[in-house]
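A short worksheet on the structure shown next.
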Amino acid sequence: MPTVAPLDLEGHCLAAVFLGDVPHFALADGTIHRLDHGHKTVQANDGLLAALHDGANDRLITGGEDGKIFAVTAGGNTAELATAGKKWITSVAAGPQGAVAYASGKMAYVRFADGKTREFSHPRSVEGLAFSPKGMRFGVARYNGATLHFPAADGKPVELEWAGAHTGITFSPDGGFVVTTMQENALHGWKLADGKHMRMSGYPGKVKSLSWSAKGKWLASSGASAAIVWPFSGKDGPMGKAPLELGTRGNAMVTSVACHPSQDVVAIGYDDGMVMAVRFADAREVLLRRPGKGAITSMMWDKEERRVAFGSAAGDCGVIDISA
């Protein structure tokens, strides 16, 4: 049976990540807690709105109500990367060569590793950001679609249109597909080679969490009573194919998903705090954590693939050791 080391905090956890082999938990008040030979804390933003793990550089990128963007590295070292004055930073993304993107209102910004910054204006507010894994390109989720920019060049952006409010965005690991989360209970995708649309609908709730499998053949998503896992192994992605439904529970909703770093397994977090691991091949389930306080909001596997850090909307955080 997996063991759980709990960390009971006050407030909403936006990101539970490993920096090095140390679990870090970023809360909405801007404090970052870590379990590093005891419980330690550092303050980054004054009010946190966005946080994500920059895998290439093993750091946590944060943006907040104070208009600042920080990079937090193992050991709780914080460095201010950029500031947007008094504007709220609502989304952040980490890209190749140490680049970071952040959004405020209708503006998206890219800060390169050398400290230079470029601005990109949009007609409506920027809702989500993501970098492509291939080349220096980033995507913006916006009203009625997505926009793809090439920040290192002066070319025209690529506009991907689809009616409705798009709230988040992700590129497939091979860079061939873009998928957005929507204000309605759906995902929408584009195949970049030919602009073909992919409609992924039928969710009972909003999709707030997405995770690509290790080789990019599957996209796991929250927003239903099971993790909905779409197949992306064919040239047209999930079109005409049914998704897997893993970890179905009749009385709970999936709120967070985190695919295993090397195997076709997904960690699934629910709105009652339960966490389960499920294998794609045969839907075999392993209970990782019993229900707790608050919906699971973030999870991440460690590099050794034996621990899962998790955070919840109620600050009910911790680390699950599956090798125990």
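Convention: chains lettered A, B, ... in structure tokens order; per-chain residue numbering from 1; ligands numbered from 1 as shown.
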
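Residues in contact with stretch 109-113 of chain A at 8 Å, where only C-alpha atoms are counted and same-chain residues fewer than 3 positions away are skipped, are listed as A:Ala82, A:Gln97, A:Gly98, A:Ala99, A:Val100, A:Ala101, A:Tyr102, A:Ala103, A:Lys116, A:Thr117, A:Arg118, A:Glu119, A:Phe120, A:Pro151.
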
Selection above as a file: N, CA and C atoms, as an mmCIF file, in the first residue's frame:
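Output contents, as saved in out.cif:
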```
data_model
loop_
_atom_site.group_PDB
_atom_site.id
_atom_site.type_symbol
_atom_site.label_atom_id
_atom_site.label_comp_id
_atom_site.auth_asym_id
_atom_site.auth_seq_id
_atom_site.Cartn_x
_atom_site.Cartn_y
_atom_site.Cartn_z
ATOM 1 N N ALA A 82 10.658 39.201 -14.374
ATOM 2 C CA ALA A 82 10.035 40.301 -15.122
ATOM 3 C C ALA A 82 8.946 40.920 -14.266
ATOM 4 N N GLN A 97 15.104 27.103 -24.497
ATOM 5 C CA GLN A 97 16.238 28.037 -24.310
ATOM 6 C C GLN A 97 15.989 29.029 -23.176
ATOM 7 N N GLY A 98 15.259 28.598 -22.151
ATOM 8 C CA GLY A 98 15.051 29.449 -20.982
ATOM 9 C C GLY A 98 14.042 30.557 -21.158
ATOM 10 N N ALA A 99 13.296 30.555 -22.263
ATOM 11 C CA ALA A 99 12.283 31.593 -22.490
ATOM 12 C C ALA A 99 11.068 31.360 -21.591
ATOM 13 N N VAL A 100 10.417 32.473 -21.213
ATOM 14 C CA VAL A 100 9.210 32.418 -20.387
ATOM 15 C C VAL A 100 8.171 33.339 -21.017
ATOM 16 N N ALA A 101 6.914 32.894 -21.070
ATOM 17 C CA ALA A 101 5.823 33.754 -21.538
ATOM 18 C C ALA A 101 4.901 34.054 -20.370
ATOM 19 N N TYR A 102 4.299 35.242 -20.414
ATOM 20 C CA TYR A 102 3.315 35.584 -19.384
ATOM 21 C C TYR A 102 2.275 36.500 -19.994
ATOM 22 N N ALA A 103 1.100 36.537 -19.379
ATOM 23 C CA ALA A 103 -0.028 37.280 -19.945
ATOM 24 C C ALA A 103 -0.651 38.183 -18.907
ATOM 25 N N LYS A 116 15.798 40.050 -22.690
ATOM 26 C CA LYS A 116 15.004 40.851 -23.644
ATOM 27 C C LYS A 116 13.566 40.351 -23.640
ATOM 28 N N THR A 117 12.623 41.282 -23.844
ATOM 29 C CA THR A 117 11.201 40.945 -23.811
ATOM 30 C C THR A 117 10.511 41.447 -25.072
ATOM 31 N N ARG A 118 9.593 40.654 -25.610
ATOM 32 C CA ARG A 118 8.739 41.079 -26.726
ATOM 33 C C ARG A 118 7.282 41.032 -26.298
ATOM 34 N N GLU A 119 6.493 41.982 -26.840
ATOM 35 C CA GLU A 119 5.063 42.072 -26.501
ATOM 36 C C GLU A 119 4.217 41.665 -27.704
ATOM 37 N N PHE A 120 3.068 41.058 -27.405
ATOM 38 C CA PHE A 120 2.133 40.642 -28.451
ATOM 39 C C PHE A 120 0.733 41.044 -28.007
ATOM 40 N N PRO A 151 8.059 34.231 -31.625
ATOM 41 C CA PRO A 151 8.589 35.437 -30.979
ATOM 42 C C PRO A 151 10.007 35.809 -31.391
#
```

> Can you list, as a list in words, every protein, DNA or RNA residue that comes within 6 Å of stretch 177-180 of chain A when you count only C-alpha atoms, leaving out same-chain residues fewer than 5 positions away?
Replying inline: Gly168, Ile169, Thr170, Phe171, Ser172, Leu187, His188, Gly189, Trp190, Lys191 and Leu192 of chain A

> Which is closer to A:Ala79 than all the others in A:Ala93, A:Ala44, A:Ala252, A:Ala15, using only C-alpha atoms?
Replying inline: A:Ala44

Within 9 Å of A:Gly237 using only C-alpha atoms, minus same-chain residues under 3 positions, as a short mmCIF file (atom, residue, chain, number, x, y, z; two decimals) with all heavy atoms, in the first residue's frame:
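selection02.cif was written with the following content:
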```cif
data_model
loop_
_atom_site.label_atom_id
_atom_site.label_comp_id
_atom_site.auth_asym_id
_atom_site.auth_seq_id
_atom_site.Cartn_x
_atom_site.Cartn_y
_atom_site.Cartn_z
N PHE A 177 -0.04 18.87 -32.89
CA PHE A 177 -1.42 19.23 -32.55
C PHE A 177 -1.43 20.33 -31.50
O PHE A 177 -0.53 20.43 -30.67
CB PHE A 177 -2.17 18.02 -31.96
CG PHE A 177 -2.29 16.86 -32.89
CD1 PHE A 177 -1.39 15.80 -32.82
CD2 PHE A 177 -3.32 16.79 -33.82
CE1 PHE A 177 -1.50 14.70 -33.67
CE2 PHE A 177 -3.44 15.70 -34.67
CZ PHE A 177 -2.52 14.66 -34.60
N LYS A 191 -5.11 20.08 -35.99
CA LYS A 191 -3.92 19.42 -36.54
C LYS A 191 -3.17 20.48 -37.33
O LYS A 191 -3.70 21.04 -38.30
CB LYS A 191 -4.36 18.26 -37.43
CG LYS A 191 -3.19 17.46 -37.98
CD LYS A 191 -3.74 16.35 -38.87
CE LYS A 191 -2.62 15.73 -39.68
NZ LYS A 191 -3.15 14.79 -40.69
N MET A 198 -10.57 19.18 -34.40
CA MET A 198 -10.88 18.02 -33.57
C MET A 198 -11.82 18.47 -32.46
O MET A 198 -11.44 19.31 -31.64
CB MET A 198 -9.60 17.44 -32.95
CG MET A 198 -8.60 16.95 -33.99
SD MET A 198 -7.03 16.48 -33.21
CE MET A 198 -6.33 18.06 -32.86
N LYS A 217 1.25 9.78 -27.00
CA LYS A 217 0.21 9.05 -27.74
C LYS A 217 -1.17 9.23 -27.12
O LYS A 217 -2.17 8.86 -27.71
CB LYS A 217 0.55 7.56 -27.75
CG LYS A 217 1.81 7.28 -28.55
CD LYS A 217 1.90 5.83 -28.94
CE LYS A 217 2.95 5.65 -30.00
NZ LYS A 217 3.85 4.55 -29.73
N TRP A 230 -7.72 10.73 -24.46
CA TRP A 230 -7.90 10.72 -25.91
C TRP A 230 -6.68 10.13 -26.61
O TRP A 230 -5.55 10.45 -26.25
CB TRP A 230 -8.13 12.15 -26.41
CG TRP A 230 -9.39 12.77 -25.88
CD1 TRP A 230 -9.51 13.57 -24.78
CD2 TRP A 230 -10.70 12.63 -26.42
NE1 TRP A 230 -10.83 13.94 -24.60
CE2 TRP A 230 -11.58 13.39 -25.60
CE3 TRP A 230 -11.23 11.95 -27.53
CZ2 TRP A 230 -12.94 13.48 -25.84
CZ3 TRP A 230 -12.60 12.05 -27.77
CH2 TRP A 230 -13.44 12.80 -26.93
N PRO A 231 -6.91 9.30 -27.66
CA PRO A 231 -5.79 8.70 -28.39
C PRO A 231 -5.24 9.67 -29.44
O PRO A 231 -6.00 10.22 -30.24
CB PRO A 231 -6.43 7.48 -29.06
CG PRO A 231 -7.87 7.83 -29.23
CD PRO A 231 -8.22 8.80 -28.13
N PHE A 232 -3.92 9.87 -29.42
CA PHE A 232 -3.27 10.75 -30.40
C PHE A 232 -2.21 10.01 -31.21
O PHE A 232 -1.33 10.63 -31.78
CB PHE A 232 -2.64 11.95 -29.68
CG PHE A 232 -3.59 13.10 -29.52
CD1 PHE A 232 -4.50 13.11 -28.47
CD2 PHE A 232 -3.60 14.17 -30.40
CE1 PHE A 232 -5.38 14.17 -28.30
CE2 PHE A 232 -4.48 15.23 -30.25
CZ PHE A 232 -5.38 15.23 -29.20
N SER A 233 -2.31 8.67 -31.28
CA SER A 233 -1.26 7.92 -31.97
C SER A 233 -1.42 7.96 -33.49
O SER A 233 -0.44 7.88 -34.22
CB SER A 233 -1.23 6.48 -31.47
OG SER A 233 -2.53 5.94 -31.51
N GLY A 234 -2.64 8.11 -33.98
CA GLY A 234 -2.85 8.16 -35.44
C GLY A 234 -2.56 9.54 -35.99
O GLY A 234 -2.42 10.51 -35.26
N GLY A 240 -12.75 10.31 -34.77
CA GLY A 240 -13.38 9.03 -35.08
C GLY A 240 -13.04 7.93 -34.10
O GLY A 240 -13.40 6.78 -34.31
N LYS A 241 -12.32 8.28 -33.02
CA LYS A 241 -11.96 7.25 -32.04
C LYS A 241 -12.57 7.62 -30.69
O LYS A 241 -12.63 8.79 -30.33
CB LYS A 241 -10.44 7.18 -31.88
CG LYS A 241 -9.73 6.79 -33.15
CD LYS A 241 -8.23 6.71 -32.90
CE LYS A 241 -7.50 6.64 -34.22
NZ LYS A 241 -6.29 7.43 -34.21
#
```

>> I want to know what sits within 9 Å of A:Asp29, based on only C-alpha atoms, with residues of the same chain fewer than 5 positions away left out; could you give that as a count of residues only?
In response: 8

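The strand (DSSP E) portion of stretch 238-285 of chain A consists of A:Leu244, A:Glu245, A:Leu246, A:Val254, A:Thr255, A:Ser256, A:Val257, A:Ala258, A:Cys259, A:Val265, A:Val266, A:Ala267, A:Ile268, A:Gly269, A:Tyr270, A:Val275, A:Met276, A:Ala277, A:Val278, A:Arg279, A:Glu285, with states taken from DSSP on the backbone.
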
Once you have the residues from the selection above, write them out as a compact mmCIF listing (two decimals), in the first residue's frame, restricted to N, CA, C and O atoms.
```txt
# COMPACT_ATOMS: atom_id res chain seq x y z
N LEU A 244 -10.46 6.58 -23.86
CA LEU A 244 -10.52 5.71 -22.69
C LEU A 244 -11.20 6.47 -21.56
O LEU A 244 -11.07 7.70 -21.47
N GLU A 245 -11.91 5.76 -20.71
CA GLU A 245 -12.47 6.35 -19.49
C GLU A 245 -11.89 5.56 -18.33
O GLU A 245 -12.22 4.39 -18.13
N LEU A 246 -10.98 6.20 -17.58
CA LEU A 246 -10.22 5.49 -16.55
C LEU A 246 -10.57 6.03 -15.16
O LEU A 246 -10.76 7.23 -14.98
N VAL A 254 -13.36 14.06 -11.56
CA VAL A 254 -11.91 14.17 -11.71
C VAL A 254 -11.54 15.64 -11.86
O VAL A 254 -12.11 16.36 -12.70
N THR A 255 -10.59 16.11 -11.03
CA THR A 255 -10.20 17.53 -11.06
C THR A 255 -8.74 17.72 -11.47
O THR A 255 -8.33 18.83 -11.79
N SER A 256 -7.93 16.63 -11.46
CA SER A 256 -6.52 16.78 -11.81
C SER A 256 -6.01 15.46 -12.38
O SER A 256 -6.39 14.38 -11.91
N VAL A 257 -5.15 15.55 -13.42
CA VAL A 257 -4.55 14.36 -14.01
C VAL A 257 -3.05 14.61 -14.19
O VAL A 257 -2.63 15.73 -14.48
N ALA A 258 -2.24 13.54 -14.01
CA ALA A 258 -0.79 13.65 -14.21
C ALA A 258 -0.29 12.31 -14.74
O ALA A 258 -0.27 11.32 -14.01
N CYS A 259 0.12 12.30 -16.01
CA CYS A 259 0.60 11.06 -16.62
C CYS A 259 1.99 10.71 -16.07
O CYS A 259 2.80 11.59 -15.77
N VAL A 265 0.47 5.14 -17.63
CA VAL A 265 -0.26 5.14 -16.36
C VAL A 265 -0.59 6.60 -16.06
O VAL A 265 0.21 7.49 -16.37
N VAL A 266 -1.75 6.86 -15.47
CA VAL A 266 -2.10 8.23 -15.10
C VAL A 266 -2.50 8.28 -13.63
O VAL A 266 -3.20 7.39 -13.14
N ALA A 267 -2.00 9.31 -12.93
CA ALA A 267 -2.48 9.61 -11.58
C ALA A 267 -3.71 10.50 -11.73
O ALA A 267 -3.69 11.47 -12.49
N ILE A 268 -4.78 10.15 -11.02
CA ILE A 268 -6.06 10.85 -11.14
C ILE A 268 -6.43 11.40 -9.78
O ILE A 268 -6.50 10.65 -8.80
N GLY A 269 -6.69 12.70 -9.70
CA GLY A 269 -7.15 13.34 -8.48
C GLY A 269 -8.61 13.74 -8.61
O GLY A 269 -9.03 14.20 -9.68
N TYR A 270 -9.36 13.61 -7.52
CA TYR A 270 -10.80 13.84 -7.56
C TYR A 270 -11.20 15.02 -6.66
O TYR A 270 -10.40 15.50 -5.85
N VAL A 275 -6.88 10.13 -4.60
CA VAL A 275 -5.94 10.01 -5.71
C VAL A 275 -5.81 8.53 -6.07
O VAL A 275 -5.67 7.68 -5.19
N MET A 276 -5.86 8.24 -7.36
CA MET A 276 -5.77 6.87 -7.84
C MET A 276 -4.77 6.83 -9.00
O MET A 276 -4.62 7.81 -9.72
N ALA A 277 -4.09 5.71 -9.20
CA ALA A 277 -3.26 5.50 -10.39
C ALA A 277 -3.93 4.41 -11.23
O ALA A 277 -4.37 3.40 -10.69
N VAL A 278 -4.03 4.65 -12.54
CA VAL A 278 -4.71 3.70 -13.42
C VAL A 278 -3.85 3.45 -14.66
O VAL A 278 -3.30 4.39 -15.24
N ARG A 279 -3.77 2.16 -15.04
CA ARG A 279 -2.99 1.78 -16.21
C ARG A 279 -3.88 1.83 -17.45
O ARG A 279 -5.03 1.40 -17.43
N GLU A 285 -6.62 -0.37 -11.43
CA GLU A 285 -6.59 0.78 -10.52
C GLU A 285 -5.81 0.45 -9.25
O GLU A 285 -5.90 -0.65 -8.73
```

>> Residues within 10 Å of stretch 34-36 of chain A, please, as a ChimeraX atom specification. Count only C-alpha atoms; anything in the same chain fewer than 4 positions from it doesn't count.
In response: /A:5,7,16-19,21-26,40-42,74-76,318-319

I need the residues from that last selection saved to file as a compact mmCIF listing (two decimals), in the first residue's frame (with C-alpha atoms), if you can.
```txt
# COMPACT_ATOMS: atom_id res chain seq x y z
CA ALA A 5 3.34 12.10 3.98
CA LEU A 7 1.38 18.59 4.66
CA ALA A 16 2.56 20.81 -6.39
CA VAL A 17 5.92 20.08 -8.05
CA PHE A 18 9.29 18.47 -7.49
CA LEU A 19 12.35 20.74 -7.84
CA ASP A 21 13.93 15.66 -5.53
CA VAL A 22 12.26 18.10 -3.11
CA PRO A 23 8.46 18.61 -3.19
CA HIS A 24 7.34 22.26 -3.38
CA PHE A 25 3.77 23.56 -2.94
CA ALA A 26 2.78 27.00 -4.28
CA LYS A 40 10.30 25.33 5.03
CA THR A 41 8.68 28.37 3.42
CA VAL A 42 9.66 31.17 1.04
CA ALA A 74 15.36 23.88 -5.57
CA GLY A 75 16.11 24.99 -2.05
CA GLY A 76 13.58 27.82 -2.26
CA GLY A 318 1.43 15.94 0.59
CA VAL A 319 3.61 13.31 -1.05
```

> Do you know which residues are at most 9 Å from A:Val92 counting only C-alpha atoms, after dropping those on the same chain fewer than 5 positions away, and could you put them as a list in words?
Replying inline: Ala50, Ala51, Leu52, Ile61, Thr62, Gly63, Ile69, Val100, Ala101, Tyr102, Ala103, Gly128, Leu129 and Ala130 of chain A

> Residues at most 7 Å from stretch 124-126 of chain A, counting only C-alpha atoms, excluding those fewer than 5 positions away in the same chain, as a PyMOL selection string?
Replying inline: chain A and resi 103+105-108+140-143

> What does the distance from atom CA of A:Val308 to atom CA of A:Lys134 come to in Å, to one decimal?
Replying inline: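 Atom CA of A:Val308 sits 27.6 Å away from atom CA of A:Lys134.
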